[in-house]
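All remarks here apply to the structure that follows.
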Amino acid sequence: MRNLDLTPLYRSAIGFDRLASLLDTMTTSEQNQPAYPPYNIELTGDDSYCISMAVAGFEESELDIQVEQNLLTVSGKKPSDESKRQFLHRGIAARNFERRFQLADHVRVTDAALANGLLHVQLVREIPEAMKPRKIEISSGKALQSETRAEQAGNATASAASADAPKVATNAA
């Protein structure tokens with residue numbers, strides 16, 4: 001894949017520097033990652049995902065899943081095999097691995113399960129209430145006019161009360 005120059009984005013867009021650096025990091029890290037183990041990323045709902053990794057030959061104790069600052073890291077470490085086994089053909093890979101996935105904001109890991117040689121990592125995107133769309137009710141013109149009249153009456157009462165208040169003379173020297 002060719003390299004992208006994101007310099008114009010830095011000059012003309014304010015606040016998108018994190019996005020540009022994320023794109024740059026993803027393109028370089030994708031080139032450096034090995035293809036082992038194979039994996040699928042599945043959309044299981046509107047805001048839920050499942051990463052399935054083929055980890056045949058690994059036990060739960062040999063797998064590690066960590067999330068740190070929107071970076072999901074799945075690694076597998078096989079203990080060294082001290083037995084002198086002689087293979088005529090070795091097609092099942094039992095090598096150590098580390099696979100990293102960049103998570104978007106508000107995506108968190110909810111569960112992980114190992115079944116039939118596949119590691120399933122469940123993720124969900126939880127958008128905070130403050131960021132969700134809100135419906136604004138439209139009031140009728142009559143209600144708005146009555147509120148405006150009440151405000152005007154309140155302002156007239158307040159100005160009349162301030163007119164009746166005793167005046168304090170100030171001496172400007």
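Going through the structure tokens in order, the chains are called A, B, and so on, while each chain numbers its residues from 1 and the ligands are numbered from 1 in the order shown.
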I want to know what sits within 12 Å of Gln69 of chain A, based on only C-alpha atoms, with residues of the same chain fewer than 4 positions away left out; could you give that as a VMD selection string?
chain A and resid 73 101 to 108
Within 8 Å of Leu118 of chain A, counting only C-alpha atoms, which residues show up once you throw out same-chain ones fewer than 4 positions away? Write them as a ChimeraX atom specification, please.
/A:52-56,114
Which residue is closest to Asn70 of chain A? Choose from A:Tyr49, A:Arg125, A:Arg90, A:Asn116 and count only C-alpha atoms.
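Checking each candidate against Asn70 of chain A, we get A:Arg125 as the closest.
Proximity to Ile127 of chain A was assessed for A:Ser75, A:Ser61, A:Asp47, A:Ser83 counting only C-alpha atoms; the smallest distance is recorded for A:Asp47.
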Pairwise distance for atom CA of Leu88 of chain A and atom CA of Pro38 of chain A, rounded to one decimal in Å:
24.2 Å
